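Chemist: I'd like to ask some things about the structure below.
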Amino acid sequence: QVQLVESGGGLVQAGGSLRLSCAASGRSFSSYAMGWFRQAPGKEREFVATIPYIGNSYYIYYTDSVKGRFTISRDNAKNMVYLQMNSLKPEDTAVYYCAAGSLAGRYGQSWSTPDEYDYWGQGTQVTVSS
């Protein structure tokens, strides 16, 4: 069982920055792919970024709309995952969710769809004003 708690959301002007944090409880944090998703009102939950840790290597993927602006990172020693968001735009406004997906027995995953993840946080609101 993994519990995830996000923090760091808030209101920011366009062009500003925010850093989201996700604290994970439970064992074997490094055996989970960690991802960030977001959901705007009236829209489906969408992939933002993921950072699986496989074979002592980090693999990082972003959705195209955030490449060059967002950076995902993780600290396996602290059971933390982060999302640094720079050059924020009004269209980045959404509830941001941290997610964990077990790597055990899974191969060839894209880690970019919600159904690949087993645990979710409660979400943190990010609002970008124009």
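Residue numbering restarts at 1 for every chain of the structure tokens, chains are lettered A, B, ... in their displayed order, and ligands are numbered from 1 as they appear.
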Please report as JSON lines every residue of region 61-100 of chain A lying within 6 Å of region 8-30 of chain A, along with the nearest atom pair and their distance in Å (one decimal), using only C-alpha atoms.

Modeler:
{"residue": "A:Asn76", "atom": "CA", "partner": "A:Ser30", "partner_atom": "CA", "distance": 5.8}
{"residue": "A:Asn79", "atom": "CA", "partner": "A:Ala24", "partner_atom": "CA", "distance": 5.4}
{"residue": "A:Met80", "atom": "CA", "partner": "A:Ala23", "partner_atom": "CA", "distance": 4.9}
{"residue": "A:Val81", "atom": "CA", "partner": "A:Cys22", "partner_atom": "CA", "distance": 5.2}
{"residue": "A:Tyr82", "atom": "CA", "partner": "A:Ser21", "partner_atom": "CA", "distance": 4.6}
{"residue": "A:Leu83", "atom": "CA", "partner": "A:Leu20", "partner_atom": "CA", "distance": 5.0}
{"residue": "A:Gln84", "atom": "CA", "partner": "A:Arg19", "partner_atom": "CA", "distance": 4.4}
{"residue": "A:Met85", "atom": "CA", "partner": "A:Leu18", "partner_atom": "CA", "distance": 5.2}
{"residue": "A:Asn86", "atom": "CA", "partner": "A:Ser17", "partner_atom": "CA", "distance": 4.4}
{"residue": "A:Ser87", "atom": "CA", "partner": "A:Gly15", "partner_atom": "CA", "distance": 4.1}
{"residue": "A:Leu88", "atom": "CA", "partner": "A:Gly15", "partner_atom": "CA", "distance": 4.9}
{"residue": "A:Lys89", "atom": "CA", "partner": "A:Ala14", "partner_atom": "CA", "distance": 5.0}

Chemist: Can I get the selection written as a JSON list (two decimals), in the first residue's frame, with N, CA, C and O atoms?

Modeler:
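Wrote result22.json, looks like this:
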[["chain", "number", "residue", "atom", "x", "y", "z"],
["A", 76, "ASN", "N", 14.72, 9.07, -4.16],
["A", 76, "ASN", "CA", 14.33, 7.76, -3.63],
["A", 76, "ASN", "C", 14.66, 7.63, -2.14],
["A", 76, "ASN", "O", 14.00, 6.89, -1.41],
["A", 79, "ASN", "N", 11.71, 9.35, -0.45],
["A", 79, "ASN", "CA", 10.37, 8.97, -0.92],
["A", 79, "ASN", "C", 9.59, 10.19, -1.43],
["A", 79, "ASN", "O", 8.42, 10.37, -1.09],
["A", 80, "MET", "N", 10.27, 10.99, -2.24],
["A", 80, "MET", "CA", 9.67, 12.23, -2.73],
["A", 80, "MET", "C", 9.77, 12.29, -4.25],
["A", 80, "MET", "O", 10.75, 11.82, -4.85],
["A", 81, "VAL", "N", 8.76, 12.90, -4.85],
["A", 81, "VAL", "CA", 8.81, 13.24, -6.27],
["A", 81, "VAL", "C", 8.37, 14.68, -6.41],
["A", 81, "VAL", "O", 7.52, 15.16, -5.64],
["A", 82, "TYR", "N", 8.98, 15.38, -7.36],
["A", 82, "TYR", "CA", 8.75, 16.81, -7.53],
["A", 82, "TYR", "C", 8.36, 17.14, -8.97],
["A", 82, "TYR", "O", 8.71, 16.41, -9.90],
["A", 83, "LEU", "N", 7.68, 18.26, -9.11],
["A", 83, "LEU", "CA", 7.40, 18.79, -10.43],
["A", 83, "LEU", "C", 7.67, 20.29, -10.39],
["A", 83, "LEU", "O", 6.91, 21.03, -9.79],
["A", 84, "GLN", "N", 8.78, 20.69, -10.99],
["A", 84, "GLN", "CA", 9.11, 22.11, -11.09],
["A", 84, "GLN", "C", 8.44, 22.65, -12.34],
["A", 84, "GLN", "O", 8.69, 22.15, -13.45],
["A", 85, "MET", "N", 7.61, 23.66, -12.16],
["A", 85, "MET", "CA", 6.85, 24.22, -13.28],
["A", 85, "MET", "C", 7.25, 25.67, -13.48],
["A", 85, "MET", "O", 7.03, 26.50, -12.59],
["A", 86, "ASN", "N", 7.83, 25.95, -14.62],
["A", 86, "ASN", "CA", 8.25, 27.31, -14.97],
["A", 86, "ASN", "C", 7.45, 27.82, -16.17],
["A", 86, "ASN", "O", 6.83, 27.03, -16.88],
["A", 87, "SER", "N", 7.50, 29.11, -16.38],
["A", 87, "SER", "CA", 6.82, 29.74, -17.52],
["A", 87, "SER", "C", 5.37, 29.27, -17.61],
["A", 87, "SER", "O", 4.88, 28.88, -18.67],
["A", 88, "LEU", "N", 4.69, 29.32, -16.49],
["A", 88, "LEU", "CA", 3.33, 28.80, -16.43],
["A", 88, "LEU", "C", 2.39, 29.61, -17.30],
["A", 88, "LEU", "O", 2.54, 30.84, -17.45],
["A", 89, "LYS", "N", 1.41, 28.91, -17.85],
["A", 89, "LYS", "CA", 0.42, 29.51, -18.74],
["A", 89, "LYS", "C", -0.98, 29.29, -18.15],
["A", 89, "LYS", "O", -1.18, 28.31, -17.41]]

Chemist: Do a neighbour search on region 46-60 of chain A at 10 Å with only C-alpha atoms, toss out local chain neighbours closer than 2 positions, and write the hits as a ChimeraX atom specification.

Modeler: /A:29-40,43-44,62-67,70-74,76,81,83,96-103,109-114

Chemist: Go ahead and compute the interatomic distance for CA of Trp120 (chain A) and CA of Tyr61 (chain A), in Å to one decimal.

Modeler: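 A separation of 18.7 Å between them.
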
Chemist: How many Å lie between CA of Ser130 (chain A) and CA of Gly68 (chain A), rounded to one decimal?

Modeler: 20.1 Å

Chemist: When DSSP works through the backbone of this structure, what residues of chain A end up as strand (DSSP E), shown as a PyMOL selection string?

Modeler: chain A and resi 3-7+10-13+18-25+32-39+46-51+53-54+57-58+61-62+70-75+80-85+94-102+119-120+124-129
